[in-house]
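Enquirer: Next comes the structure file model38.txt, holding compact mmCIF, C-alpha atoms.
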```txt
# COMPACT_ATOMS: atom_id res chain seq x y z
CA MET A 1 -7.12 -20.05 -22.85
CA LYS A 2 -6.70 -16.58 -21.38
CA LYS A 3 -10.22 -16.64 -19.96
CA LYS A 4 -9.43 -20.01 -18.34
CA LEU A 5 -6.34 -18.50 -16.75
CA PHE A 6 -8.44 -15.64 -15.42
CA ILE A 7 -10.98 -18.05 -13.90
CA MET A 8 -8.15 -20.07 -12.34
CA PHE A 9 -6.75 -16.89 -10.81
CA ILE A 10 -10.13 -16.05 -9.24
CA LEU A 11 -10.46 -19.59 -7.84
CA LEU A 12 -6.96 -19.35 -6.40
CA GLY A 13 -7.88 -16.09 -4.74
CA LEU A 14 -11.08 -17.58 -3.32
CA THR A 15 -9.07 -20.50 -1.96
CA GLY A 16 -6.68 -18.08 -0.31
CA THR A 17 -9.62 -16.19 1.19
CA PHE A 18 -10.90 -19.29 2.98
CA LEU A 19 -7.45 -20.47 4.04
CA TYR A 20 -6.24 -17.12 5.31
CA ALA A 21 -9.40 -15.49 6.66
CA GLY A 22 -8.93 -12.44 8.84
CA ASN A 23 -7.82 -13.26 12.39
CA GLU A 24 -7.97 -10.53 15.02
CA ASP A 25 -5.95 -12.72 17.42
CA ARG A 26 -2.90 -12.07 15.23
CA ILE A 27 -3.03 -8.28 15.41
CA GLY A 28 0.46 -6.96 16.15
CA THR A 29 2.23 -10.18 15.16
CA THR A 30 3.43 -9.10 11.70
CA SER A 31 6.18 -6.74 10.58
CA GLY A 32 6.40 -4.44 7.60
CA ILE A 33 3.17 -2.64 8.47
CA GLN A 34 4.25 0.20 6.15
CA LEU A 35 3.07 -2.10 3.35
CA LEU A 36 -0.51 -1.40 4.45
CA ILE A 37 -0.24 2.39 4.43
CA PRO A 38 -2.19 3.61 1.38
CA VAL A 39 -0.84 6.08 -1.17
CA GLY A 40 -2.45 8.35 -3.73
CA ALA A 41 -5.14 10.86 -2.84
CA ARG A 42 -7.71 9.44 -5.29
CA SER A 43 -7.67 5.93 -3.84
CA VAL A 44 -7.60 7.16 -0.25
CA ALA A 45 -10.59 9.42 -0.91
CA LEU A 46 -12.46 6.40 -2.30
CA GLY A 47 -11.87 4.53 0.95
CA GLY A 48 -9.31 2.23 -0.68
CA GLY A 49 -12.03 0.53 -2.72
CA SER A 50 -10.60 1.04 -6.19
CA ILE A 51 -8.64 -2.12 -7.10
CA SER A 52 -11.03 -2.92 -9.97
CA SER A 53 -10.74 0.46 -11.72
CA ILE A 54 -7.43 1.97 -10.58
CA ASN A 55 -4.97 2.73 -13.41
CA GLY A 56 -1.66 4.41 -14.12
CA ALA A 57 1.17 4.84 -11.62
CA GLU A 58 -1.15 4.78 -8.61
CA ALA A 59 -2.14 1.22 -9.55
CA MET A 60 1.27 -0.14 -8.60
CA HIS A 61 0.33 0.03 -4.91
CA TYR A 62 -3.23 -1.36 -5.23
CA ASN A 63 -3.37 -3.56 -8.32
CA PRO A 64 -0.44 -3.68 -10.78
CA ALA A 65 -2.79 -4.88 -13.54
CA GLY A 66 -4.17 -1.35 -13.75
CA MET A 67 -0.91 0.13 -15.05
CA SER A 68 -1.62 -1.06 -18.58
CA MET A 69 -5.18 0.32 -18.44
CA TYR A 70 -3.72 3.84 -18.70
CA PRO A 71 -2.78 4.71 -22.32
CA LYS A 72 0.16 6.97 -21.42
CA SER A 73 3.29 6.83 -19.34
CA GLU A 74 2.90 8.57 -16.00
CA ILE A 75 4.88 10.07 -13.11
CA LEU A 76 3.26 10.42 -9.69
CA PHE A 77 4.29 11.95 -6.38
CA SER A 78 2.18 11.67 -3.24
CA ASN A 79 2.64 12.93 0.30
CA MET A 80 0.57 11.94 3.33
CA GLY A 81 0.60 13.48 6.79
CA TYR A 82 0.08 10.16 8.59
CA ILE A 83 0.02 9.76 12.40
CA ALA A 84 2.26 10.98 15.25
CA GLY A 85 4.09 13.40 12.96
CA ILE A 86 5.07 10.69 10.44
CA ASP A 87 5.10 11.64 6.75
CA VAL A 88 4.64 9.06 3.98
CA ASN A 89 6.18 9.91 0.61
CA TYR A 90 5.53 7.92 -2.55
CA LEU A 91 7.20 8.35 -5.93
CA ALA A 92 6.21 6.18 -8.89
CA GLY A 93 6.62 6.14 -12.63
CA THR A 94 5.33 3.99 -15.47
CA PHE A 95 6.46 3.50 -19.06
CA ASN A 96 3.82 2.33 -21.52
CA GLY A 97 5.58 0.13 -24.06
CA GLY A 98 2.51 -0.59 -26.17
CA ASN A 99 2.22 -4.24 -27.15
CA ILE A 100 5.15 -5.30 -24.96
CA GLY A 101 3.37 -4.05 -21.82
CA THR A 102 3.80 -1.36 -19.19
CA PHE A 103 6.75 -1.17 -16.80
CA GLY A 104 6.82 0.66 -13.49
CA LEU A 105 9.09 1.71 -10.63
CA SER A 106 7.88 2.83 -7.22
CA PHE A 107 9.46 4.01 -3.99
CA LYS A 108 7.71 4.55 -0.65
CA SER A 109 9.47 5.96 2.40
CA LEU A 110 8.42 6.99 5.89
CA SER A 111 9.86 10.10 7.50
CA PHE A 112 9.86 9.93 11.32
CA GLY A 113 11.94 13.02 12.04
CA GLU A 114 14.62 13.04 14.75
CA ILE A 115 14.05 10.76 17.78
CA GLU A 116 16.04 11.12 20.98
CA GLU A 117 18.08 8.03 21.89
CA THR A 118 17.45 6.50 25.31
CA THR A 119 19.09 3.45 26.91
CA GLU A 120 18.85 1.49 30.15
CA GLU A 121 21.77 3.49 31.51
CA PHE A 122 20.44 6.83 30.23
CA PRO A 123 16.62 6.68 30.32
CA ASP A 124 16.45 10.49 30.05
CA GLY A 125 18.48 10.48 26.83
CA THR A 126 22.07 10.05 25.70
CA GLY A 127 22.22 13.37 23.86
CA ASN A 128 22.14 11.60 20.49
CA ASN A 129 19.29 11.49 17.96
CA TYR A 130 18.38 8.95 15.31
CA SER A 131 15.83 8.58 12.52
CA PRO A 132 14.48 5.15 11.45
CA SER A 133 14.43 4.20 7.76
CA PHE A 134 11.35 2.35 6.49
CA ILE A 135 11.44 1.80 2.71
CA VAL A 136 9.46 -0.18 0.13
CA ALA A 137 10.84 -0.24 -3.44
CA GLY A 138 8.95 -1.95 -6.25
CA LEU A 139 9.45 -3.05 -9.85
CA SER A 140 6.22 -3.74 -11.75
CA TYR A 141 5.06 -5.15 -15.07
CA SER A 142 1.56 -5.17 -16.55
CA ARG A 143 0.11 -6.22 -19.88
CA LEU A 144 -3.24 -6.36 -21.64
CA LEU A 145 -3.99 -10.04 -22.31
CA THR A 146 -7.12 -9.21 -24.29
CA ASP A 147 -9.15 -6.06 -24.81
CA ARG A 148 -10.93 -6.93 -21.54
CA ILE A 149 -8.30 -8.55 -19.33
CA SER A 150 -5.11 -7.07 -17.90
CA ALA A 151 -2.66 -8.75 -15.52
CA GLY A 152 0.26 -7.41 -13.54
CA VAL A 153 2.95 -8.32 -11.03
CA THR A 154 5.15 -6.30 -8.68
CA GLY A 155 8.35 -7.40 -6.99
CA LYS A 156 9.04 -5.49 -3.79
CA TYR A 157 12.02 -4.98 -1.52
CA ILE A 158 11.08 -4.12 2.07
CA PHE A 159 13.64 -2.58 4.40
CA GLU A 160 13.44 -1.41 8.01
CA GLY A 161 16.43 0.15 9.73
CA ILE A 162 16.79 1.58 13.23
CA MET A 163 20.28 2.91 14.00
CA GLN A 164 22.66 -0.03 13.37
CA THR A 165 19.97 -2.71 13.34
CA SER A 166 17.88 -3.63 10.32
CA ALA A 167 15.65 -6.20 8.64
CA SER A 168 14.77 -6.78 4.99
CA THR A 169 12.90 -9.18 2.74
CA PHE A 170 11.25 -9.53 -0.67
CA ALA A 171 7.59 -9.92 -1.61
CA LEU A 172 5.34 -10.18 -4.68
CA ASP A 173 2.00 -8.63 -5.62
CA PHE A 174 -0.28 -10.17 -8.26
CA GLY A 175 -3.31 -8.54 -9.82
CA VAL A 176 -5.93 -8.93 -12.53
CA GLN A 177 -8.58 -6.54 -13.85
CA TYR A 178 -11.49 -7.66 -15.99
CA SER A 179 -13.88 -5.42 -17.92
CA PHE A 180 -17.33 -6.91 -18.50
CA ASN A 181 -18.26 -3.83 -20.54
CA LYS A 182 -17.51 -0.10 -20.50
CA ASN A 183 -19.25 0.29 -17.14
CA LEU A 184 -18.59 -2.81 -15.02
CA TYR A 185 -15.11 -3.87 -13.80
CA LEU A 186 -13.75 -6.61 -11.56
CA GLY A 187 -10.39 -6.68 -9.78
CA VAL A 188 -8.54 -9.46 -7.94
CA THR A 189 -5.26 -9.08 -6.04
CA MET A 190 -2.88 -11.11 -3.90
CA MET A 191 -0.54 -8.71 -2.10
CA ASN A 192 2.63 -9.07 -0.03
CA VAL A 193 3.28 -12.73 -0.74
CA GLY A 194 6.84 -13.31 0.36
CA GLY A 195 9.42 -13.76 3.06
CA LYS A 196 9.74 -12.76 6.69
CA LEU A 197 11.47 -9.87 8.43
CA LYS A 198 14.16 -10.64 11.02
CA TYR A 199 16.17 -7.93 12.76
CA SER A 200 19.91 -8.19 13.34
CA GLY A 201 22.70 -5.73 14.02
CA ARG A 202 24.89 -3.95 16.55
CA ASN A 203 22.06 -2.57 18.63
CA LEU A 204 21.05 -6.08 19.68
CA GLU A 205 24.49 -6.63 21.22
CA ARG A 206 25.05 -6.36 24.98
CA GLN A 207 28.24 -6.57 27.03
CA PHE A 208 28.21 -8.75 30.19
CA GLN A 209 30.63 -10.32 32.61
CA ILE A 210 31.21 -13.88 31.42
CA PRO A 211 29.87 -16.31 34.07
CA GLY A 212 32.67 -18.02 36.01
CA SER A 213 35.36 -15.54 34.92
CA THR A 214 37.50 -13.44 37.27
CA SER A 215 36.52 -9.86 38.00
CA ASP A 216 39.43 -8.48 35.96
CA ALA A 217 38.61 -10.56 32.86
CA ASP A 218 37.37 -8.87 29.71
CA GLN A 219 33.62 -8.70 29.37
CA GLY A 220 31.95 -10.71 26.62
CA TYR A 221 29.62 -9.50 23.88
CA PHE A 222 26.33 -11.28 23.37
CA GLU A 223 23.79 -10.62 20.63
CA GLY A 224 20.14 -11.25 21.16
CA VAL A 225 18.49 -13.30 18.43
CA ALA A 226 15.31 -11.71 17.07
CA LEU A 227 12.41 -13.82 15.88
CA ALA A 228 11.43 -13.73 12.22
CA SER A 229 7.90 -12.43 11.63
CA ASP A 230 5.49 -12.57 8.71
CA ILE A 231 4.54 -9.59 6.59
CA PRO A 232 0.85 -8.62 6.23
CA SER A 233 -0.53 -10.58 3.27
CA ILE A 234 -3.85 -9.57 1.71
CA PHE A 235 -6.31 -11.26 -0.66
CA SER A 236 -8.82 -8.81 -2.16
CA PHE A 237 -11.76 -8.75 -4.56
CA GLY A 238 -13.23 -5.56 -5.89
CA ILE A 239 -15.93 -4.38 -8.25
CA SER A 240 -16.84 -1.00 -9.70
CA TYR A 241 -19.72 0.29 -11.77
CA SER A 242 -19.93 3.62 -13.59
CA ILE A 243 -22.86 5.41 -15.21
CA ASN A 244 -22.95 8.40 -17.51
CA ILE A 245 -25.37 11.25 -16.82
CA ALA A 246 -26.19 13.75 -19.57
CA GLU A 247 -22.89 13.03 -21.35
CA GLN A 248 -20.77 15.48 -19.33
CA ASN A 249 -21.29 13.86 -15.92
CA SER A 250 -20.52 10.40 -14.57
CA LEU A 251 -20.69 8.49 -11.30
CA GLU A 252 -18.54 5.52 -10.31
CA LEU A 253 -19.36 3.27 -7.35
CA SER A 254 -16.57 0.95 -6.20
CA GLY A 255 -15.89 -1.48 -3.37
CA ASN A 256 -13.44 -4.11 -2.13
CA PHE A 257 -13.52 -6.98 0.32
CA SER A 258 -10.15 -8.01 1.78
CA ASN A 259 -8.83 -10.88 3.89
CA LEU A 260 -5.73 -10.07 5.95
CA ASN A 261 -3.51 -12.61 7.66
CA ASP A 262 -3.04 -10.43 10.73
CA ALA A 263 -6.32 -8.58 11.30
CA SER A 264 -10.06 -8.49 10.76
CA ASP A 265 -11.51 -8.77 7.28
CA ALA A 266 -12.01 -5.30 5.82
CA VAL A 267 -14.58 -3.67 3.58
CA TYR A 268 -13.80 -0.59 1.49
CA GLY A 269 -16.22 1.50 -0.53
CA GLY A 270 -16.22 4.75 -2.47
CA LEU A 271 -18.14 7.00 -4.84
CA GLU A 272 -16.65 9.36 -7.43
CA TYR A 273 -18.42 12.12 -9.37
CA SER A 274 -16.73 13.36 -12.55
CA PHE A 275 -17.52 16.42 -14.63
CA ARG A 276 -16.20 16.07 -18.19
CA ASP A 277 -13.25 14.05 -16.83
CA LEU A 278 -11.78 17.34 -15.63
CA PHE A 279 -13.14 17.86 -12.12
CA PHE A 280 -13.78 15.15 -9.51
CA LEU A 281 -15.48 14.84 -6.13
CA ARG A 282 -14.96 11.70 -4.05
CA GLY A 283 -16.04 10.05 -0.85
CA GLY A 284 -15.41 6.70 0.80
CA TYR A 285 -15.55 4.61 3.95
CA THR A 286 -13.42 1.85 5.50
CA MET A 287 -14.55 -0.59 8.17
CA ASN A 288 -13.66 -3.89 9.81
CA ALA A 289 -16.06 -6.57 8.66
CA GLN A 290 -15.76 -8.70 11.81
CA ASN A 291 -15.62 -6.07 14.56
CA GLN A 292 -16.76 -2.57 13.71
CA ASP A 293 -15.91 -1.35 17.23
CA ASN A 294 -12.22 -1.63 16.29
CA ASN A 295 -12.41 0.67 13.28
CA ILE A 296 -9.31 2.88 13.18
CA PHE A 297 -10.24 4.81 10.07
CA GLY A 298 -13.67 6.10 9.12
CA TYR A 299 -14.91 8.21 6.25
CA SER A 300 -12.74 9.91 3.63
CA LEU A 301 -13.36 12.84 1.30
CA GLY A 302 -11.48 14.29 -1.63
CA ALA A 303 -11.39 16.26 -4.83
CA GLY A 304 -9.22 16.45 -7.92
CA ILE A 305 -8.63 18.16 -11.21
CA GLN A 306 -7.16 16.79 -14.43
CA TYR A 307 -6.18 19.08 -17.26
CA PRO A 308 -4.75 18.20 -20.69
CA LEU A 309 -1.94 20.35 -22.08
CA GLY A 310 -1.27 19.15 -25.60
CA ASN A 311 0.10 15.64 -25.28
CA PHE A 312 0.48 16.01 -21.50
CA ASN A 313 -2.00 15.48 -18.68
CA ILE A 314 -1.63 17.17 -15.31
CA GLY A 315 -3.60 15.93 -12.33
CA ILE A 316 -3.79 17.25 -8.76
CA ASP A 317 -5.72 15.34 -6.09
CA TYR A 318 -6.42 15.89 -2.40
CA ALA A 319 -7.90 13.55 0.22
CA TYR A 320 -8.94 13.83 3.85
CA ARG A 321 -9.23 10.64 5.95
CA GLN A 322 -10.82 10.45 9.36
CA LEU A 323 -9.15 8.67 12.28
CA THR A 324 -11.63 7.57 14.92
CA ASP A 325 -9.38 7.92 17.99
CA TYR A 326 -6.13 9.37 19.30
CA PHE A 327 -4.65 10.96 16.18
CA ASP A 328 -5.44 13.86 13.87
CA PRO A 329 -6.96 13.12 10.44
CA ASN A 330 -4.71 12.27 7.49
CA ASN A 331 -4.17 14.77 4.66
CA ILE A 332 -2.94 13.47 1.32
CA PHE A 333 -1.75 15.43 -1.73
CA THR A 334 -0.92 13.87 -5.10
CA VAL A 335 0.48 15.31 -8.32
CA LYS A 336 0.42 13.27 -11.58
CA PHE A 337 1.94 13.91 -15.00
CA GLY A 338 0.77 11.85 -17.98
CA LEU A 339 3.34 11.79 -20.79
```
Output the file's structure as C-alpha cells, nothing else.
Expert:
Amino acid sequence: MKKKLFIMFILLGLTGTFLYAGNEDRIGTTSGIQLLIPVGARSVALGGGSISSINGAEAMHYNPAGMSMYPKSEILFSNMGYIAGIDVNYLAGTFNGGNIGTFGLSFKSLSFGEIEETTEEFPDGTGNNYSPSFIVAGLSYSRLLTDRISAGVTGKYIFEGIMQTSASTFALDFGVQYSFNKNLYLGVTMMNVGGKLKYSGRNLERQFQIPGSTSDADQGYFEGVALASDIPSIFSFGISYSINIAEQNSLELSGNFSNLNDASDAVYGGLEYSFRDLFFLRGGYTMNAQNQDNNIFGYSLGAGIQYPLGNFNIGIDYAYRQLTDYFDPNNIFTVKFGL
C-alpha cells in the first residue's frame, strides 16, 4: 500500500510537470520571490541539487521528507550575503520523536538595511528611513513510512511588509525520499502550493480633491487596489548516487530537474567528496534548461567539517556561489548542532 502511495505521488508530480512547465513569459509576474532564495551552505555548494539526499534541519527548505532521515534532533543557523547588500538569515530546528516522526520549525528573514523614503512630493527624500520585512515561517512534519520511504509536509506563512503596507498568505510543501539501496536515492517535491499575495495598507492611500466639490471642501482619501499575484510554485525530481572509495572516502553525485510556474525549467547538479564523514569538499552548477543565456547563477563551491563530541555533532559549512552579472558572488555560512 505504501509503495502504491509513493508511485501515485510520483505520477502526480509528473502530471504537474507537464501542466505547469516552465514559462519564461511569466518572469516577474509572481510575488514572494524570497521563497526561492536557497539556504544552507551544503545545499548551495551542491548547486541546489540535493533534494534526494538532504536530511536534518536543512531539509525543511528543500524536501521536508529528509528531516526523518537524520537520526538526531538538530538546530541550524545559516547566513547568506545575497545581492545589493541584502542578508538572508535562516534559523531551523528539528525534534526527532522516533516512531511518531520528526517535527520542525523554521524561520527565514531578509535584512535590507535602512532605505531612504522618497515620495512624489519629495523625490530627493523626506528625511525618513524604512526597512522592509520579508519573512517565511514554517512548521514541518516528516515520518519514515518504511525503511526505504520517508514523506514530509511543511506549512508556511509568507509575509511581506513595506512601511504601513503588507501582504501575506499560506502555502504547503510536500516531499518524498526513496532509497533503492544504500547508494541510490530518489526525491520528489511539490513546493509553494498555496494562496496569492495581495498588498493593502495606508501607503496605498492618496488624498485628492473630490470631483465636483467646492475648493474649500475637505479632500477625499482614495486607496488604490493592488492585484493579487501567485507565488512561485515548483515541481522537482532529484536523484543522487554515492560510492565508497577505500572505506574512508566517498563521493556523492546529485542532481535535480525543476519546473517553475514563473520561469524557465532549471537543472541543478553537484558533487560532494567526504573523508571519514568528517571533512567535505563540494561543487555544483545551476542553469536554465530552456535558455542558458539567461543564467543568473553559475558554479558554486564549498567545504565543511563535522565533528562528534560525545552525543553531540557540530557541523560548520561554507559555500561560494557565482553570479554571472551585475552583483558580487554570494557567501553562505552555516552552523549545525546535532543533539
Enquirer: Using all atoms listed in the file, can you tell me which of A:Ser140, A:Asn129, A:Thr189, A:Thr118 comes closest to Gly93 in chain A?
Expert: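 Looking at the shortest contact to Gly93 in chain A, the residue is A:Ser140.
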Enquirer: So how many Å separate CA of Ser68 in chain A and CA of Leu184 in chain A, to one decimal?
Expert: 17.4 Å
Enquirer: List as a compact mmCIF listing (two decimals) with C-alpha atoms, in the coordinates of the input the protein and nucleic acid residues near Phe327 in chain A, meaning an atom at most 9 Å away when only C-alpha atoms are counted, but skip any in the same chain fewer than 4 places from it.
Expert:
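Saved result, around_16.txt, follows:
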```txt
# COMPACT_ATOMS: atom_id res chain seq x y z
CA TYR A 82 0.08 10.16 8.59
CA ILE A 83 0.02 9.76 12.40
CA ALA A 84 2.26 10.98 15.25
CA LEU A 323 -9.15 8.67 12.28
```
Enquirer: Let me make sure I understand: among A:Asn330, A:Asn192, A:Ser264, A:Thr94, which one has the smallest atom-to-atom distance to Gly155 in chain A if we use all atoms listed in the file?
Expert: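 Closest to Gly155 in chain A, using all atoms listed in the file: A:Asn192.
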Enquirer: Any chance you could model N, CA and C atoms for range 44-62 of chain A and send them as a compact mmCIF listing (two decimals), in the coordinates of the input?
Expert:
```txt
# COMPACT_ATOMS: atom_id res chain seq x y z
N VAL A 44 -7.29 6.94 -1.66
CA VAL A 44 -7.60 7.16 -0.25
C VAL A 44 -8.98 7.79 -0.11
N ALA A 45 -9.28 8.77 -0.98
CA ALA A 45 -10.59 9.42 -0.91
C ALA A 45 -11.72 8.46 -1.21
N LEU A 46 -11.45 7.41 -1.99
CA LEU A 46 -12.46 6.40 -2.30
C LEU A 46 -12.49 5.29 -1.27
N GLY A 47 -11.86 5.52 -0.11
CA GLY A 47 -11.87 4.53 0.95
C GLY A 47 -11.01 3.32 0.69
N GLY A 48 -10.14 3.38 -0.33
CA GLY A 48 -9.31 2.23 -0.68
C GLY A 48 -10.03 1.19 -1.51
N GLY A 49 -11.22 1.52 -2.02
CA GLY A 49 -12.03 0.53 -2.72
C GLY A 49 -11.92 0.57 -4.21
N SER A 50 -10.72 0.78 -4.75
CA SER A 50 -10.60 1.04 -6.19
C SER A 50 -9.77 0.02 -6.95
N ILE A 51 -9.55 -1.19 -6.42
CA ILE A 51 -8.64 -2.12 -7.10
C ILE A 51 -9.17 -2.57 -8.46
N SER A 52 -10.47 -2.47 -8.69
CA SER A 52 -11.03 -2.92 -9.97
C SER A 52 -10.91 -1.88 -11.07
N SER A 53 -10.74 -0.60 -10.71
CA SER A 53 -10.74 0.46 -11.72
C SER A 53 -9.50 1.35 -11.68
N ILE A 54 -8.62 1.14 -10.70
CA ILE A 54 -7.43 1.97 -10.58
C ILE A 54 -6.53 1.78 -11.80
N ASN A 55 -5.88 2.85 -12.26
CA ASN A 55 -4.97 2.73 -13.41
C ASN A 55 -3.79 3.67 -13.24
N GLY A 56 -2.82 3.54 -14.14
CA GLY A 56 -1.66 4.41 -14.12
C GLY A 56 -0.68 4.07 -13.00
N ALA A 57 0.12 5.06 -12.61
CA ALA A 57 1.17 4.84 -11.62
C ALA A 57 0.62 4.51 -10.24
N GLU A 58 -0.55 5.05 -9.91
CA GLU A 58 -1.15 4.78 -8.61
C GLU A 58 -1.53 3.31 -8.46
N ALA A 59 -1.72 2.62 -9.59
CA ALA A 59 -2.14 1.22 -9.55
C ALA A 59 -1.05 0.31 -9.01
N MET A 60 0.20 0.72 -9.06
CA MET A 60 1.27 -0.14 -8.60
C MET A 60 1.10 -0.55 -7.14
N HIS A 61 0.52 0.33 -6.33
CA HIS A 61 0.33 0.03 -4.91
C HIS A 61 -0.90 -0.84 -4.68
N TYR A 62 -1.96 -0.70 -5.49
CA TYR A 62 -3.23 -1.36 -5.23
C TYR A 62 -3.48 -2.57 -6.11
```
